[in-house]
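Take a look at the structure below.
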Amino acid sequence: MITGILDAVTRRLSEIFDDKYAIYTDEVKQGLEEPCFFVMFLEPSEKPMIGQRYFLQNGMVIQFIPDESEQVSKDVYEVAEVLMDGMEYITLSDGDLLRGTGRRWQVVDGVLHFFVSYNLFVRRKEGQQEPMEEIEVNRSNDGYGREKNG
């Protein structure tokens, strides 16, 4: 599920920015193309619910690193505005829509940090357990390893 969400987010970024910016999901040691996006998860978690249902919390940060133009603030603010609207919904590979909640952003040292959560409920199938073929019961002790007195 995590990789499906990551793929949907990067696909959506490509759509709303017309492949104008490079999108990275892993650390880049050399050859970074600016301006660009970095997409990563922030402590995904799951919470068991009733039965086989789980609530998956998938907080993310999308970082935008602008190029060294004279209008860095203006570029960053424009990208932030587009992300606020454009990242409200993403489409998973199976066609399901996920709504981004908690959308907010901040600029730190000229880099835009856009935060969004794509949370969802999932149902997990119970694993097939093989039944026991035989069981042997020893009634010669009281359950604590002590011999029973007759």
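FYI, nothing fancy with the structure tokens labels: chains A, B, ... in order, residues from 1 per chain, ligands from 1 as they appear.
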Filtered DSSP result for chain A, state strand (DSSP E or B), as a VMD selection string: chain A and resid 22 to 24 36 to 41 45 to 48 53 to 57 59 to 65 89 to 91 97 to 99 101 to 108 111 to 117 120 to 123 141 147
Per DSSP on the backbone, what are the alpha helix (DSSP H) residues of segment 3-145 of chain A, as JSON, numbers by chain? {"A": [3, 4, 5, 6, 7, 8, 9, 10, 11, 12, 13, 14, 15, 16, 72, 73, 74, 75, 76, 77, 78, 79, 80, 81, 82, 83, 84, 85, 86]}
Which residues come within 9 Å of Arg12 of chain A, counting only C-alpha atoms, excluding same-chain residues fewer than 6 positions away, as JSON, numbers by chain? {"A": [86, 87, 89, 90, 91]}
Segment 23-80 of chain A near segment 109-125 of chain A within 7 Å: what's each residue's closest atom pair and its distance in Å to one decimal, counting only C-alpha atoms, ordered by chain then ascending residue number, as a Markdown table?
```
| residue | atom | partner | partner_atom | distance |
| --- | --- | --- | --- | --- |
| A:Gln52 | CA | A:Arg124 | CA | 5.3 |
| A:Arg53 | CA | A:Arg123 | CA | 4.4 |
| A:Tyr54 | CA | A:Val122 | CA | 5.4 |
| A:Phe55 | CA | A:Phe121 | CA | 4.5 |
| A:Leu56 | CA | A:Leu120 | CA | 5.4 |
| A:Gln57 | CA | A:Asn119 | CA | 4.6 |
| A:Asn58 | CA | A:Tyr118 | CA | 5.2 |
| A:Gly59 | CA | A:Ser117 | CA | 4.1 |
| A:Met60 | CA | A:Val116 | CA | 5.4 |
| A:Val61 | CA | A:Phe115 | CA | 4.6 |
| A:Ile62 | CA | A:Phe114 | CA | 5.0 |
| A:Gln63 | CA | A:His113 | CA | 4.6 |
| A:Phe64 | CA | A:Leu112 | CA | 5.0 |
| A:Ile65 | CA | A:Val111 | CA | 5.2 |
| A:Pro66 | CA | A:Val111 | CA | 7.0 |
| A:Val76 | CA | A:Leu112 | CA | 6.3 |
```
Using N, CA, C and O atoms, can you write the selected residues to a file as a PDB file, in the first residue's frame?
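Result file is again32.pdb:
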```
ATOM      1  N   GLN A  52     -10.974  -7.472  11.073  1.00  0.00           N
ATOM      2  CA  GLN A  52      -9.770  -7.453  10.237  1.00  0.00           C
ATOM      3  C   GLN A  52      -9.513  -6.082   9.626  1.00  0.00           C
ATOM      4  O   GLN A  52      -8.756  -5.956   8.675  1.00  0.00           O
ATOM      5  N   ARG A  53     -10.110  -5.026  10.184  1.00  0.00           N
ATOM      6  CA  ARG A  53      -9.933  -3.671   9.662  1.00  0.00           C
ATOM      7  C   ARG A  53      -8.768  -2.990  10.372  1.00  0.00           C
ATOM      8  O   ARG A  53      -8.577  -3.150  11.570  1.00  0.00           O
ATOM      9  N   TYR A  54      -8.024  -2.202   9.592  1.00  0.00           N
ATOM     10  CA  TYR A  54      -6.911  -1.425  10.110  1.00  0.00           C
ATOM     11  C   TYR A  54      -7.005  -0.019   9.541  1.00  0.00           C
ATOM     12  O   TYR A  54      -7.422   0.177   8.400  1.00  0.00           O
ATOM     13  N   PHE A  55      -6.612   0.968  10.354  1.00  0.00           N
ATOM     14  CA  PHE A  55      -6.558   2.354   9.894  1.00  0.00           C
ATOM     15  C   PHE A  55      -5.098   2.688   9.647  1.00  0.00           C
ATOM     16  O   PHE A  55      -4.280   2.661  10.571  1.00  0.00           O
ATOM     17  N   LEU A  56      -4.762   2.964   8.394  1.00  0.00           N
ATOM     18  CA  LEU A  56      -3.389   3.288   8.021  1.00  0.00           C
ATOM     19  C   LEU A  56      -3.237   4.802   7.953  1.00  0.00           C
ATOM     20  O   LEU A  56      -3.984   5.482   7.249  1.00  0.00           O
ATOM     21  N   GLN A  57      -2.256   5.318   8.685  1.00  0.00           N
ATOM     22  CA  GLN A  57      -1.966   6.746   8.679  1.00  0.00           C
ATOM     23  C   GLN A  57      -0.669   6.950   7.902  1.00  0.00           C
ATOM     24  O   GLN A  57       0.377   6.407   8.268  1.00  0.00           O
ATOM     25  N   ASN A  58      -0.765   7.733   6.835  1.00  0.00           N
ATOM     26  CA  ASN A  58       0.367   7.914   5.926  1.00  0.00           C
ATOM     27  C   ASN A  58       0.683   9.393   5.753  1.00  0.00           C
ATOM     28  O   ASN A  58       0.320  10.007   4.753  1.00  0.00           O
ATOM     29  N   GLY A  59       1.344   9.962   6.761  1.00  0.00           N
ATOM     30  CA  GLY A  59       1.780  11.347   6.669  1.00  0.00           C
ATOM     31  C   GLY A  59       2.964  11.460   5.727  1.00  0.00           C
ATOM     32  O   GLY A  59       3.851  10.608   5.729  1.00  0.00           O
ATOM     33  N   MET A  60       2.962  12.500   4.901  1.00  0.00           N
ATOM     34  CA  MET A  60       4.025  12.695   3.923  1.00  0.00           C
ATOM     35  C   MET A  60       4.499  14.137   3.944  1.00  0.00           C
ATOM     36  O   MET A  60       3.777  15.032   4.368  1.00  0.00           O
ATOM     37  N   VAL A  61       5.709  14.316   3.426  1.00  0.00           N
ATOM     38  CA  VAL A  61       6.206  15.660   3.145  1.00  0.00           C
ATOM     39  C   VAL A  61       6.689  15.668   1.700  1.00  0.00           C
ATOM     40  O   VAL A  61       7.348  14.746   1.238  1.00  0.00           O
ATOM     41  N   ILE A  62       6.282  16.722   1.008  1.00  0.00           N
ATOM     42  CA  ILE A  62       6.756  16.977  -0.351  1.00  0.00           C
ATOM     43  C   ILE A  62       7.587  18.240  -0.262  1.00  0.00           C
ATOM     44  O   ILE A  62       7.073  19.309   0.070  1.00  0.00           O
ATOM     45  N   GLN A  63       8.864  18.110  -0.522  1.00  0.00           N
ATOM     46  CA  GLN A  63       9.762  19.266  -0.454  1.00  0.00           C
ATOM     47  C   GLN A  63       9.997  19.788  -1.864  1.00  0.00           C
ATOM     48  O   GLN A  63      10.248  19.001  -2.787  1.00  0.00           O
ATOM     49  N   PHE A  64       9.936  21.103  -2.010  1.00  0.00           N
ATOM     50  CA  PHE A  64      10.238  21.736  -3.286  1.00  0.00           C
ATOM     51  C   PHE A  64      11.487  22.569  -3.107  1.00  0.00           C
ATOM     52  O   PHE A  64      11.536  23.470  -2.271  1.00  0.00           O
ATOM     53  N   ILE A  65      12.505  22.237  -3.880  1.00  0.00           N
ATOM     54  CA  ILE A  65      13.763  22.989  -3.848  1.00  0.00           C
ATOM     55  C   ILE A  65      13.815  23.829  -5.119  1.00  0.00           C
ATOM     56  O   ILE A  65      13.918  23.282  -6.227  1.00  0.00           O
ATOM     57  N   PRO A  66      13.700  25.156  -4.980  1.00  0.00           N
ATOM     58  CA  PRO A  66      13.704  26.021  -6.163  1.00  0.00           C
ATOM     59  C   PRO A  66      15.122  26.185  -6.713  1.00  0.00           C
ATOM     60  O   PRO A  66      16.104  25.862  -6.037  1.00  0.00           O
ATOM     61  N   VAL A  76       8.278  29.729  -4.871  1.00  0.00           N
ATOM     62  CA  VAL A  76       7.905  28.816  -3.793  1.00  0.00           C
ATOM     63  C   VAL A  76       6.437  29.000  -3.419  1.00  0.00           C
ATOM     64  O   VAL A  76       5.701  28.019  -3.251  1.00  0.00           O
TER      65      VAL A  76
END
```
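Among the candidates A:Asp67, A:Asp18, A:Glu88, A:Glu126, the one nearest to Glu34 of chain A when counting only C-alpha atoms is A:Asp67.
Taking only C-alpha atoms into account, Ile2 of chain A lies nearest to A:Phe41 out of the set A:Phe41, A:Trp105, A:Tyr24, A:Phe17.
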